[in-house]
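Enquirer: This is query20.csv (CSV, C-alpha atoms and all ligand atoms).
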```
chain,number,residue,atom,x,y,z
A,147,MET,CA,4.3,3.7,17.5
A,148,LYS,CA,5.1,6.4,14.9
A,149,ILE,CA,4.9,5.3,11.2
A,150,THR,CA,6.8,7.2,8.6
A,151,ILE,CA,6.0,6.8,4.9
A,152,GLU,CA,8.3,6.8,1.9
A,153,GLU,CA,6.2,6.5,-1.3
A,154,ALA,CA,7.5,4.3,-4.1
A,155,LYS,CA,8.7,6.4,-7.1
A,156,THR,CA,7.3,4.0,-9.6
A,157,LYS,CA,4.2,1.9,-9.1
A,158,LYS,CA,3.7,-1.6,-10.4
A,159,MET,CA,1.0,-2.5,-12.9
A,160,LYS,CA,-1.8,-4.2,-10.9
A,161,PRO,CA,-2.9,-7.6,-12.3
A,162,GLN,CA,-5.9,-6.8,-14.5
A,163,ALA,CA,-9.4,-8.0,-13.7
A,164,GLY,CA,-9.6,-11.7,-14.7
A,165,THR,CA,-5.9,-12.5,-14.3
A,166,PRO,CA,-5.5,-15.6,-12.2
A,167,LEU,CA,-3.8,-14.3,-9.1
A,168,GLY,CA,-2.7,-17.6,-7.7
A,169,PHE,CA,-1.2,-17.5,-4.2
A,170,GLY,CA,1.8,-15.3,-3.2
A,171,LYS,CA,2.8,-14.5,-6.7
A,172,TYR,CA,2.2,-10.7,-6.8
A,173,PHE,CA,3.3,-8.3,-4.2
A,174,THR,CA,2.2,-4.7,-3.6
A,175,ASP,CA,4.2,-1.5,-4.0
A,176,HIS,CA,5.1,-1.0,-0.3
A,177,MET,CA,6.0,-2.9,2.8
A,178,PHE,CA,6.2,-2.2,6.5
A,179,VAL,CA,9.5,-2.4,8.3
A,180,ARG,CA,10.4,-1.9,11.9
A,181,GLU,CA,13.7,-2.6,13.6
A,182,TRP,CA,14.5,-3.6,17.1
A,183,THR,CA,17.9,-3.4,18.7
A,184,ILE,CA,19.1,-4.3,22.2
A,185,GLU,CA,20.3,-0.8,22.8
A,186,ASP,CA,17.3,1.2,21.6
A,187,GLY,CA,14.4,-1.3,21.6
A,188,TRP,CA,11.7,-0.7,18.9
A,189,LYS,CA,12.4,2.1,16.5
A,190,ASP,CA,9.7,3.9,14.4
A,191,GLY,CA,7.7,1.9,12.0
A,192,LYS,CA,8.3,2.7,8.3
A,193,ILE,CA,6.2,2.1,5.2
A,194,VAL,CA,8.7,1.9,2.4
A,195,PRO,CA,8.8,0.8,-1.3
A,196,TYR,CA,8.7,-3.0,-1.6
A,197,GLY,CA,12.1,-4.4,-2.4
A,198,PRO,CA,15.1,-6.4,-1.4
A,199,ILE,CA,16.3,-6.3,2.2
A,200,GLU,CA,20.1,-5.9,2.6
A,201,MET,CA,21.5,-8.5,4.8
A,202,ASP,CA,24.9,-9.3,6.2
A,203,PRO,CA,25.9,-12.9,5.3
A,204,ALA,CA,26.4,-13.5,9.0
A,205,SER,CA,22.8,-12.5,9.8
A,206,MET,CA,21.8,-15.0,12.4
A,207,VAL,CA,18.5,-16.0,10.8
A,208,LEU,CA,20.5,-17.4,7.8
A,209,HIS,CA,22.3,-19.8,10.1
A,210,TYR,CA,20.0,-20.6,13.1
A,211,ALA,CA,16.6,-19.9,11.6
A,212,GLN,CA,15.5,-17.5,14.3
A,213,GLU,CA,12.4,-16.5,12.4
A,214,THR,CA,8.6,-16.3,12.9
A,215,PHE,CA,5.7,-15.3,10.7
A,216,GLU,CA,2.0,-14.9,10.6
A,217,GLY,CA,-0.7,-15.3,7.9
A,218,MET,CA,-3.9,-13.4,7.6
A,219,LYS,CA,-6.1,-11.7,5.0
A,220,ALA,CA,-7.9,-8.4,4.2
A,221,TYR,CA,-11.2,-8.9,2.5
A,222,ARG,CA,-13.1,-6.4,0.3
A,223,ALA,CA,-16.8,-6.3,1.0
A,224,LYS,CA,-19.3,-5.7,-1.8
A,225,ASP,CA,-19.9,-2.1,-0.5
A,226,GLY,CA,-16.1,-1.4,-0.9
A,227,ARG,CA,-15.2,-1.6,2.8
A,228,ILE,CA,-12.0,-3.4,3.6
A,229,LEU,CA,-12.2,-5.9,6.5
A,230,LEU,CA,-9.7,-7.6,8.7
A,231,PHE,CA,-10.6,-10.9,10.5
A,232,ARG,CA,-9.7,-11.2,14.2
A,233,PRO,CA,-6.2,-9.5,13.7
A,234,GLU,CA,-5.6,-9.5,17.5
A,235,MET,CA,-5.5,-13.3,17.4
A,236,ASN,CA,-2.6,-13.2,15.0
A,237,ALA,CA,-0.9,-10.5,17.1
A,238,ARG,CA,-1.1,-12.6,20.2
A,239,ARG,CA,0.0,-15.8,18.5
A,240,PHE,CA,3.0,-13.8,17.0
A,241,ILE,CA,3.9,-12.8,20.6
A,242,ASN,CA,3.8,-16.5,21.7
A,243,SER,CA,5.9,-17.6,18.7
A,244,ASN,CA,8.5,-14.9,19.4
A,245,ARG,CA,8.7,-15.8,23.1
A,246,ARG,CA,9.3,-19.4,22.3
A,247,ILE,CA,12.3,-18.7,20.1
A,248,CYS,CA,13.6,-15.9,22.3
A,249,MET,CA,12.9,-13.0,20.0
A,250,SER,CA,11.7,-9.6,21.2
A,251,GLU,CA,7.9,-9.2,21.1
A,252,VAL,CA,5.8,-6.9,18.9
A,253,PRO,CA,3.2,-5.4,21.2
A,254,GLU,CA,-0.3,-6.5,20.2
A,255,ALA,CA,-1.5,-2.9,19.5
A,256,ASP,CA,1.5,-2.2,17.4
A,257,PHE,CA,1.1,-5.4,15.3
A,258,VAL,CA,-2.5,-4.6,14.6
A,259,GLU,CA,-1.8,-1.0,13.8
A,260,ALA,CA,1.1,-1.9,11.5
A,261,VAL,CA,-1.2,-4.3,9.6
A,262,ARG,CA,-4.0,-1.8,9.4
A,263,ALA,CA,-1.9,1.1,8.3
A,264,LEU,CA,-0.1,-0.9,5.5
A,265,VAL,CA,-3.4,-2.3,4.2
A,266,GLU,CA,-5.0,1.1,4.3
A,267,TYR,CA,-2.1,2.6,2.4
A,268,GLU,CA,-2.2,-0.2,-0.2
A,269,GLN,CA,-6.0,-0.5,-0.3
A,270,ASP,CA,-6.2,-0.3,-4.1
A,271,TRP,CA,-4.4,-3.6,-4.1
A,272,VAL,CA,-7.3,-5.4,-2.3
A,273,PRO,CA,-8.9,-7.3,-5.2
A,274,ASN,CA,-12.7,-7.3,-5.5
A,275,GLU,CA,-13.5,-10.4,-7.5
A,276,GLU,CA,-15.5,-13.2,-5.7
A,277,GLY,CA,-13.3,-15.1,-3.3
A,278,THR,CA,-10.2,-13.0,-3.8
A,279,SER,CA,-8.4,-11.3,-1.0
A,280,LEU,CA,-5.2,-9.5,0.0
A,281,TYR,CA,-2.9,-12.0,1.9
A,282,ILE,CA,-0.9,-10.4,4.7
A,283,ARG,CA,2.4,-11.9,5.7
A,284,PRO,CA,4.0,-10.3,8.8
A,285,PHE,CA,7.4,-11.9,9.7
A,286,MET,CA,10.4,-11.2,11.9
A,287,PHE,CA,13.9,-12.4,11.9
A,288,ALA,CA,17.3,-12.1,13.6
A,289,SER,CA,19.4,-9.6,11.7
A,290,GLU,CA,22.4,-9.4,14.0
A,291,ALA,CA,25.6,-10.3,12.1
A,292,ALA,CA,27.2,-12.9,14.4
A,293,VAL,CA,28.0,-16.6,14.3
A,294,GLY,CA,27.0,-18.2,17.5
A,295,VAL,CA,23.8,-19.6,18.9
A,296,HIS,CA,22.1,-17.1,21.3
A,297,PRO,CA,19.3,-14.6,21.1
A,298,ALA,CA,20.1,-11.9,18.5
A,299,ALA,CA,20.8,-8.3,19.5
A,300,SER,CA,18.8,-7.0,16.5
A,301,TYR,CA,15.6,-8.0,14.7
A,302,LYS,CA,13.6,-6.8,11.7
A,303,PHE,CA,9.8,-7.0,11.7
A,304,VAL,CA,8.4,-6.8,8.2
A,305,ILE,CA,4.9,-7.0,6.6
A,306,ILE,CA,4.4,-7.7,2.9
A,307,LEU,CA,1.1,-8.0,1.1
A,308,SER,CA,0.0,-10.2,-1.8
A,309,PRO,CA,-3.3,-10.1,-3.7
A,310,VAL,CA,-4.5,-13.7,-4.0
A,311,GLY,CA,-7.1,-15.6,-6.0
A,312,ALA,CA,-10.1,-17.6,-4.9
A,313,TYR,CA,-8.8,-20.8,-3.3
A,314,TYR,CA,-11.7,-22.7,-4.9
A,315,PRO,CA,-12.5,-21.1,-8.3
A,316,GLU,CA,-14.7,-24.1,-9.1
A,317,GLY,CA,-16.3,-24.6,-5.7
A,318,VAL,CA,-15.1,-26.4,-2.6
A,319,ASN,CA,-13.4,-29.7,-3.5
A,320,PRO,CA,-12.2,-32.6,-1.3
A,321,VAL,CA,-8.5,-33.7,-1.3
A,322,LYS,CA,-6.6,-36.9,-0.8
A,323,ILE,CA,-4.5,-37.0,2.4
A,324,TYR,CA,-1.6,-39.4,3.2
A,325,VAL,CA,-1.2,-40.3,6.8
A,326,GLU,CA,2.5,-39.8,7.6
A,327,ASP,CA,3.9,-42.4,9.9
A,328,GLU,CA,7.6,-41.8,9.5
A,329,TYR,CA,8.4,-38.1,9.6
A,330,VAL,CA,7.0,-36.0,12.5
A,331,ARG,CA,6.1,-32.3,12.7
A,332,ALA,CA,6.2,-31.5,16.4
A,333,THR,CA,6.7,-33.0,19.9
A,334,LYS,CA,5.9,-31.7,23.3
A,335,GLY,CA,8.5,-29.1,24.4
A,336,GLY,CA,9.3,-28.2,20.8
A,337,THR,CA,8.0,-25.4,18.6
A,338,GLY,CA,4.8,-27.0,17.2
A,339,PHE,CA,2.5,-24.3,18.6
A,340,THR,CA,4.5,-21.5,16.9
A,341,LYS,CA,4.6,-20.3,13.4
A,342,CYS,CA,8.4,-20.4,13.1
A,343,GLY,CA,10.1,-21.0,9.8
A,344,GLY,CA,12.0,-24.0,11.1
A,345,ASN,CA,8.8,-26.0,11.5
A,346,TYR,CA,8.1,-25.7,7.8
A,347,ALA,CA,11.6,-26.5,6.6
A,348,ALA,CA,11.3,-29.7,8.5
A,349,SER,CA,8.0,-30.6,7.0
A,350,ILE,CA,8.9,-30.3,3.3
A,351,ALA,CA,10.2,-33.9,3.0
A,352,ALA,CA,6.9,-35.4,4.1
A,353,GLN,CA,5.0,-33.1,1.6
A,354,VAL,CA,7.3,-34.2,-1.2
A,355,LYS,CA,6.8,-37.8,-0.3
A,356,ALA,CA,3.0,-37.4,-0.2
A,357,GLU,CA,2.9,-35.6,-3.6
A,358,LYS,CA,5.0,-38.3,-5.2
A,359,MET,CA,2.3,-40.8,-4.2
A,360,GLY,CA,-0.5,-38.6,-5.6
A,361,TYR,CA,-1.6,-37.0,-2.3
A,362,THR,CA,-2.2,-33.3,-1.7
A,363,GLN,CA,-1.1,-33.1,1.9
A,364,VAL,CA,-0.1,-35.2,4.9
A,365,LEU,CA,-2.0,-35.9,8.1
A,366,TRP,CA,0.5,-35.6,10.9
A,367,LEU,CA,0.5,-38.0,13.8
A,368,ASP,CA,2.0,-37.2,17.2
A,369,GLY,CA,5.8,-37.2,17.4
A,370,VAL,CA,6.2,-39.7,20.2
A,371,GLU,CA,3.9,-42.7,19.4
A,372,ARG,CA,2.8,-41.9,15.8
A,373,LYS,CA,-0.6,-42.8,17.2
A,374,TYR,CA,-2.8,-39.7,17.5
A,375,VAL,CA,-3.9,-37.4,14.7
A,376,GLU,CA,-2.7,-33.8,15.0
A,377,GLU,CA,-2.8,-31.6,11.9
A,378,VAL,CA,-3.1,-31.8,8.1
A,379,GLY,CA,-0.3,-30.0,6.2
A,380,THR,CA,-0.4,-26.5,7.5
A,381,MET,CA,-4.0,-26.7,8.6
A,382,ASN,CA,-5.8,-27.9,11.8
A,383,VAL,CA,-8.0,-30.9,11.2
A,384,MET,CA,-11.4,-31.8,12.3
A,385,PHE,CA,-13.5,-35.0,12.1
A,386,LYS,CA,-17.2,-35.5,12.4
A,387,ILE,CA,-17.7,-38.9,13.9
A,388,ASP,CA,-21.2,-40.1,14.8
A,389,GLY,CA,-22.5,-36.5,15.0
A,390,GLU,CA,-19.7,-35.2,17.2
A,391,ILE,CA,-16.6,-33.1,16.1
A,392,PHE,CA,-13.1,-34.2,17.1
A,393,THR,CA,-10.0,-32.0,16.8
A,394,ALA,CA,-6.6,-32.2,18.5
A,395,PRO,CA,-6.2,-30.1,21.7
A,396,CYS,CA,-3.8,-27.1,21.6
A,397,ASP,CA,-1.4,-28.5,24.2
A,398,GLY,CA,1.9,-27.7,22.6
A,399,THR,CA,2.2,-29.6,19.4
A,400,VAL,CA,-0.6,-28.1,17.4
A,401,LEU,CA,-0.8,-24.7,15.9
A,402,PRO,CA,-3.6,-22.7,17.5
A,403,GLY,CA,-5.4,-21.7,14.3
A,404,VAL,CA,-7.6,-18.6,14.2
A,405,THR,CA,-9.8,-20.5,11.7
A,406,ARG,CA,-9.9,-23.5,14.1
A,407,ASP,CA,-11.0,-21.3,17.0
A,408,SER,CA,-13.7,-19.6,14.8
A,409,ILE,CA,-15.0,-22.9,13.6
A,410,ILE,CA,-15.2,-24.4,17.1
A,411,THR,CA,-17.1,-21.3,18.3
A,412,MET,CA,-19.6,-21.6,15.4
A,413,LEU,CA,-20.1,-25.4,15.9
A,414,LYS,CA,-20.8,-24.9,19.6
A,415,ASP,CA,-23.2,-22.1,18.8
A,416,TRP,CA,-25.0,-24.5,16.4
A,417,GLY,CA,-25.4,-27.1,19.2
A,418,TYR,CA,-22.6,-29.5,18.2
A,419,THR,CA,-20.4,-31.2,20.7
A,420,VAL,CA,-16.8,-30.4,20.0
A,421,LYS,CA,-14.2,-32.7,21.5
A,422,GLU,CA,-10.7,-31.3,21.7
A,423,GLU,CA,-9.1,-34.7,22.4
A,424,HIS,CA,-6.3,-36.9,21.3
A,425,LEU,CA,-7.9,-39.2,18.6
A,426,ALA,CA,-6.1,-42.3,17.7
A,427,ILE,CA,-5.5,-43.0,14.0
A,428,ASP,CA,-6.7,-46.6,14.5
A,429,ASP,CA,-10.0,-45.3,16.0
A,430,LEU,CA,-10.3,-42.9,13.1
A,431,MET,CA,-9.8,-45.7,10.5
A,432,ASP,CA,-12.2,-47.9,12.4
A,433,ALA,CA,-14.8,-45.1,12.4
A,434,ALA,CA,-14.3,-44.9,8.6
A,435,LYS,CA,-14.8,-48.6,8.2
A,436,ASN,CA,-18.0,-48.7,10.4
A,437,GLY,CA,-19.5,-45.8,8.4
A,438,LYS,CA,-19.3,-43.4,11.4
A,439,LEU,CA,-16.7,-41.0,10.0
A,440,GLU,CA,-19.1,-38.7,8.4
A,441,GLU,CA,-17.0,-35.7,7.4
A,442,ALA,CA,-13.3,-34.6,7.7
A,443,PHE,CA,-11.8,-31.2,6.9
A,444,GLY,CA,-8.7,-29.0,7.4
A,445,THR,CA,-9.0,-25.4,8.6
A,446,GLY,CA,-6.7,-22.5,7.9
A,447,THR,CA,-6.6,-18.9,6.6
A,448,ALA,CA,-5.6,-19.7,3.0
A,449,ALA,CA,-8.3,-22.3,2.2
A,450,VAL,CA,-10.7,-21.5,5.1
A,451,ILE,CA,-11.9,-25.2,4.9
A,452,SER,CA,-10.5,-28.0,2.9
A,453,PRO,CA,-12.7,-31.1,2.9
A,454,ILE,CA,-10.9,-34.5,3.0
A,455,GLY,CA,-12.2,-37.2,0.7
A,456,GLU,CA,-9.6,-39.9,1.2
A,457,LEU,CA,-7.1,-41.0,3.9
A,458,ASN,CA,-4.3,-43.5,3.2
A,459,TYR,CA,-2.8,-45.0,6.3
A,460,LYS,CA,-0.2,-47.6,5.7
A,461,GLY,CA,-1.8,-48.5,2.4
A,462,GLU,CA,-5.3,-48.8,3.9
A,463,ILE,CA,-7.7,-46.5,2.2
A,464,ALA,CA,-10.7,-44.7,3.8
A,465,THR,CA,-13.0,-42.9,1.5
A,466,ILE,CA,-15.0,-40.2,3.4
A,467,ASN,CA,-18.6,-39.2,2.4
A,468,ASP,CA,-18.1,-40.7,-1.1
A,469,PHE,CA,-15.4,-38.1,-1.8
A,470,LYS,CA,-18.0,-35.3,-1.6
A,471,THR,CA,-18.0,-32.2,0.5
A,472,GLY,CA,-20.1,-32.9,3.6
A,473,ASP,CA,-23.2,-30.7,4.4
A,474,LEU,CA,-21.7,-29.4,7.7
A,475,THR,CA,-18.3,-28.7,6.0
A,476,GLN,CA,-20.1,-26.7,3.3
A,477,ARG,CA,-22.3,-24.9,5.9
A,478,LEU,CA,-19.2,-23.9,7.9
A,479,TYR,CA,-17.4,-22.7,4.8
A,480,ASP,CA,-20.4,-20.7,3.6
A,481,THR,CA,-21.0,-19.1,7.0
A,482,LEU,CA,-17.3,-18.3,7.8
A,483,THR,CA,-16.5,-16.9,4.3
A,484,GLY,CA,-19.9,-15.0,4.5
A,485,ILE,CA,-18.7,-13.3,7.7
A,486,GLN,CA,-15.2,-12.6,6.4
A,487,TRP,CA,-16.3,-10.9,3.2
A,488,GLY,CA,-19.1,-9.0,5.0
A,489,ASN,CA,-21.9,-10.8,3.1
A,490,ILE,CA,-23.7,-12.0,6.2
A,491,GLU,CA,-24.0,-10.5,9.7
A,492,ASP,CA,-21.1,-11.1,12.0
A,493,PRO,CA,-22.6,-12.1,15.4
A,494,TYR,CA,-19.2,-12.5,17.0
A,495,GLY,CA,-17.5,-9.1,16.4
A,496,TRP,CA,-14.8,-10.8,14.4
A,497,VAL,CA,-14.6,-8.5,11.4
A,498,HIS,CA,-13.1,-4.9,11.6
A,499,ASP,CA,-13.5,-2.2,9.0
A,500,ILE,CA,-10.0,-0.8,8.6
A,501,THR,CA,-11.2,2.8,8.6
A,502,LYS,CA,-12.8,2.3,12.0
A,503,MET,CA,-10.0,0.7,13.9
A,504,LYS,CA,-7.7,3.6,14.8
B,601,LIG,C1,-1.1,-21.3,10.0
B,601,LIG,C2,-1.3,-22.7,10.4
B,601,LIG,C3,-2.6,-23.2,10.7
B,601,LIG,C4,-3.8,-22.5,10.6
B,601,LIG,O1,-3.9,-21.3,11.3
B,601,LIG,P1,-4.9,-20.2,10.9
B,601,LIG,O2,-4.7,-19.1,11.9
B,601,LIG,O3,-6.3,-20.8,10.9
B,601,LIG,O4,-4.6,-19.7,9.5
B,601,LIG,C5,-2.6,-24.6,11.2
B,601,LIG,N1,-1.6,-25.3,11.3
B,601,LIG,C6,-0.3,-24.9,10.9
B,601,LIG,C7,0.8,-25.8,11.1
B,601,LIG,C8,-0.2,-23.6,10.5
B,601,LIG,O5,1.0,-23.2,10.1
```
Would you mind giving the structure from this file in structure tokens?

Expert:
Amino acid sequence: MKITIEEAKTKKMKPQAGTPLGFGKYFTDHMFVREWTIEDGWKDGKIVPYGPIEMDPASMVLHYAQETFEGMKAYRAKDGRILLFRPEMNARRFINSNRRICMSEVPEADFVEAVRALVEYEQDWVPNEEGTSLYIRPFMFASEAAVGVHPAASYKFVIILSPVGAYYPEGVNPVKIYVEDEYVRATKGGTGFTKCGGNYAASIAAQVKAEKMGYTQVLWLDGVERKYVEEVGTMNVMFKIDGEIFTAPCDGTVLPGVTRDSIITMLKDWGYTVKEEHLAIDDLMDAAKNGKLEEAFGTGTAAVISPIGELNYKGEIATINDFKTGDLTQRLYDTLTGIQWGNIEDPYGWVHDITKMK
């Protein structure tokens, strides 16, 4: 893949040291764009000034939501190196998402190189304060102007970058979770295993409902019986019950998280039994009542790990570990963030210095 560069004529002011970056509020000076058409296939990649994308009102994505995305981060190590974490996992998941909704695929090597090249070009935007990072948002959508439901004849693959603040400026903190027993996120045969925009549009109603009741996120149950636990908000979820770790299997309805996979690898390495099984919400609430539910946490790129301090299922409240972050949860958080920011040795070959990836 050839990448051409058009430098922005004016550069933005970077947020000054100490400015709370938040999440997805600031964007860098450039973005990556690559087009695909049915006639020519993939064209050259382009790094161009960040800015609006011109679209025809009949662009298919605006009507039928043929869109997929990814979420990953670039981390600045203390010695100045810029690190990516398992970018090939995001590349492969993007291929799987695109396949499911009949969009052309970005070859794995091209995806990784596009991310690497854009991050390298924008490297001054990778913040260096503790816990901060550069969020990377690759996405792709149907750009063909046509009204009618069918695979589009043209797509745009775009990557934008956003410097983001520490997720836990005051240390890891547990959240309250509402167990959603009305709305569903995914069913077998659907798109639950993909990061496609439509999944998230459909989830907003449950999020709004939970927030109104004072909860941070929802715990999703399976879409058929509303019986088994699947995910929490936009994170995978894990439970430590009587010393063993339970998490839903990736069999079509759960998003195969890179963080999930990394945590499972670490847990097994540390001698834990990890059960990728369907866990009934009733059994989970019983475990909580019997004092066997020791820890619970969500896993995802944004927060890394989000401990769960309370579950509300049909009005029944389960408090977990006295609403404190569990020891294993904390150890997983410290180890994984240590690897991601290059502060501790990476025994798994997960982090890649962007200058050594070409
Ligand atoms: C992105 C996402 C996750 C977490 O995936 P990571 O690769 O760990 O960031 C989990 N569940 C859903 C629904 C997601 O969208």

Enquirer: Show me which residues sit within 9 Å of ligand LIG 601 (chain B) when counting only C-alpha atoms and all ligand atoms, and put them as a PyMOL selection string.

Expert: chain A and resi 216-218+235-236+239+331+338-342+345-346+377-383+400-408+444-450

Enquirer: Include C-alpha atoms and write out the residues we just selected as a PDB file, keeping the file's coordinate frame.

Expert:
```pdb
ATOM      1  CA  GLU A 216       2.000 -14.900  10.600  1.00  0.00           C
ATOM      2  CA  GLY A 217      -0.700 -15.300   7.900  1.00  0.00           C
ATOM      3  CA  MET A 218      -3.900 -13.400   7.600  1.00  0.00           C
ATOM      4  CA  MET A 235      -5.500 -13.300  17.400  1.00  0.00           C
ATOM      5  CA  ASN A 236      -2.600 -13.200  15.000  1.00  0.00           C
ATOM      6  CA  ARG A 239       0.000 -15.800  18.500  1.00  0.00           C
ATOM      7  CA  ARG A 331       6.100 -32.300  12.700  1.00  0.00           C
ATOM      8  CA  GLY A 338       4.800 -27.000  17.200  1.00  0.00           C
ATOM      9  CA  PHE A 339       2.500 -24.300  18.600  1.00  0.00           C
ATOM     10  CA  THR A 340       4.500 -21.500  16.900  1.00  0.00           C
ATOM     11  CA  LYS A 341       4.600 -20.300  13.400  1.00  0.00           C
ATOM     12  CA  CYS A 342       8.400 -20.400  13.100  1.00  0.00           C
ATOM     13  CA  ASN A 345       8.800 -26.000  11.500  1.00  0.00           C
ATOM     14  CA  TYR A 346       8.100 -25.700   7.800  1.00  0.00           C
ATOM     15  CA  GLU A 377      -2.800 -31.600  11.900  1.00  0.00           C
ATOM     16  CA  VAL A 378      -3.100 -31.800   8.100  1.00  0.00           C
ATOM     17  CA  GLY A 379      -0.300 -30.000   6.200  1.00  0.00           C
ATOM     18  CA  THR A 380      -0.400 -26.500   7.500  1.00  0.00           C
ATOM     19  CA  MET A 381      -4.000 -26.700   8.600  1.00  0.00           C
ATOM     20  CA  ASN A 382      -5.800 -27.900  11.800  1.00  0.00           C
ATOM     21  CA  VAL A 383      -8.000 -30.900  11.200  1.00  0.00           C
ATOM     22  CA  VAL A 400      -0.600 -28.100  17.400  1.00  0.00           C
ATOM     23  CA  LEU A 401      -0.800 -24.700  15.900  1.00  0.00           C
ATOM     24  CA  PRO A 402      -3.600 -22.700  17.500  1.00  0.00           C
ATOM     25  CA  GLY A 403      -5.400 -21.700  14.300  1.00  0.00           C
ATOM     26  CA  VAL A 404      -7.600 -18.600  14.200  1.00  0.00           C
ATOM     27  CA  THR A 405      -9.800 -20.500  11.700  1.00  0.00           C
ATOM     28  CA  ARG A 406      -9.900 -23.500  14.100  1.00  0.00           C
ATOM     29  CA  ASP A 407     -11.000 -21.300  17.000  1.00  0.00           C
ATOM     30  CA  SER A 408     -13.700 -19.600  14.800  1.00  0.00           C
ATOM     31  CA  GLY A 444      -8.700 -29.000   7.400  1.00  0.00           C
ATOM     32  CA  THR A 445      -9.000 -25.400   8.600  1.00  0.00           C
ATOM     33  CA  GLY A 446      -6.700 -22.500   7.900  1.00  0.00           C
ATOM     34  CA  THR A 447      -6.600 -18.900   6.600  1.00  0.00           C
ATOM     35  CA  ALA A 448      -5.600 -19.700   3.000  1.00  0.00           C
ATOM     36  CA  ALA A 449      -8.300 -22.300   2.200  1.00  0.00           C
ATOM     37  CA  VAL A 450     -10.700 -21.500   5.100  1.00  0.00           C
TER      38      VAL A 450
END
```

Enquirer: Taking only C-alpha atoms into account, name the residue in A:Ile247, A:Met201, A:Ile151, A:Val258 that is nearest to Met503 in chain A.

Expert: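 Closest candidate: A:Val258.
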
Enquirer: Do a neighbour search on Thr150 in chain A at 8 Å with all atoms listed in the file, toss out local chain neighbours closer than 5 positions, and write the hits as a PDB file with C-alpha atoms, in the coordinates of the input.

Expert:
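Generated file (around-v1.pdb):
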```pdb
ATOM      1  CA  ASP A 190       9.700   3.900  14.400  1.00  0.00           C
ATOM      2  CA  GLY A 191       7.700   1.900  12.000  1.00  0.00           C
ATOM      3  CA  LYS A 192       8.300   2.700   8.300  1.00  0.00           C
ATOM      4  CA  ILE A 193       6.200   2.100   5.200  1.00  0.00           C
TER       5      ILE A 193
END
```

Enquirer: Let me make sure I understand: among A:Phe385, A:Phe285, A:Tyr494, A:Phe231, which one has the smallest atom-to-atom distance to Val420 in chain A if we use only C-alpha atoms?

Expert: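 Between A:Phe385, A:Phe285, A:Tyr494, A:Phe231, the residue approaching Val420 in chain A most closely is A:Phe385.
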
Enquirer: Quick one: of A:Pro253, A:Gly360, A:Gly369, A:Pro203, who's nearest to Val293 in chain A, counting only C-alpha atoms?

Expert: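 Once distances to Val293 in chain A are computed over only C-alpha atoms, the minimum belongs to A:Pro203.
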
Enquirer: Within 10 Å of Glu153 in chain A, counting all atoms listed in the file, which residues qualify if same-chain residues fewer than 6 places away don't, as a ChimeraX atom specification?

Expert: /A:175-176,193-196,267

Enquirer: What is the distance, in Å and to one decimal place, between CA of Ser308 in chain A and CA of Tyr172 in chain A?

Expert: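 Between CA of Ser308 in chain A and CA of Tyr172 in chain A the gap works out to 5.5 Å.
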
Enquirer: Would you mind telling me which residue in A:Ile184, A:Ala255, A:Ile427, A:Ile149 lies nearest to Lys504 in chain A when using all atoms listed in the file?

Expert: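 Distance minimum relative to Lys504 in chain A lands on A:Ala255.
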
Enquirer: Would you kindly return, as a tab-separated table (two decimals) with C-alpha atoms, keeping the file's coordinate frame, each protein, DNA or RNA residue with an atom no farther than 10 Å from any atom of Thr174 in chain A, considering only C-alpha atoms and excluding same-chain residues fewer than 4 positions away?

Expert:
```tsv
chain	number	residue	atom	x	y	z
A	157	LYS	CA	4.20	1.90	-9.10
A	158	LYS	CA	3.70	-1.60	-10.40
A	159	MET	CA	1.00	-2.50	-12.90
A	160	LYS	CA	-1.80	-4.20	-10.90
A	195	PRO	CA	8.80	0.80	-1.30
A	196	TYR	CA	8.70	-3.00	-1.60
A	197	GLY	CA	12.10	-4.40	-2.40
A	265	VAL	CA	-3.40	-2.30	4.20
A	268	GLU	CA	-2.20	-0.20	-0.20
A	269	GLN	CA	-6.00	-0.50	-0.30
A	270	ASP	CA	-6.20	-0.30	-4.10
A	271	TRP	CA	-4.40	-3.60	-4.10
A	272	VAL	CA	-7.30	-5.40	-2.30
A	280	LEU	CA	-5.20	-9.50	0.00
A	306	ILE	CA	4.40	-7.70	2.90
A	307	LEU	CA	1.10	-8.00	1.10
A	308	SER	CA	0.00	-10.20	-1.80
A	309	PRO	CA	-3.30	-10.10	-3.70
```

Enquirer: Could you name the residues that touch Gly437 in chain A at 12 Å or less, counting only C-alpha atoms, but leaving out those on the same chain fewer than 4 positions away, as a ChimeraX atom specification?

Expert: /A:386-389,430-433,441,464-468

Enquirer: Take CA of Pro320 in chain A and CA of Glu462 in chain A and report the distance between them in Å, one decimal.

Expert: 18.4 Å

Enquirer: What is the CA of Ala163 in chain A to CA of Val304 in chain A distance in Å?

Expert: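 Result for CA of Ala163 in chain A versus CA of Val304 in chain A: 28.2 Å, one decimal.
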
Enquirer: At a cut-off of 10 Å, using all atoms listed in the file, what residues contact Ser289 in chain A? Leave out same-chain residues fewer than 2 positions from it and give the result as a ChimeraX atom specification.

Expert: /A:181-183,200-208,212-213,286-287,291-292,298-303

Enquirer: Could you produce a table of the residues of range 222-340 of chain A lying within 9 Å of range 476-486 of chain A, with the nearest pair of atoms per residue and their separation in Å rounded to one decimal, using all atoms listed in the file, ordered by chain and increasing residue number, as a tab-separated table?

Expert:
```
residue	atom	partner	partner_atom	distance
A:Arg222	CA	A:Gln486	CA	8.9
A:Ala223	CA	A:Gln486	CA	8.5
A:Leu229	CA	A:Gln486	CA	7.3
A:Leu230	CA	A:Gln486	CA	7.8
A:Phe231	CA	A:Gln486	CA	6.4
A:Gly277	CA	A:Thr483	CA	8.4
A:Val318	CA	A:Gln476	CA	7.7
```
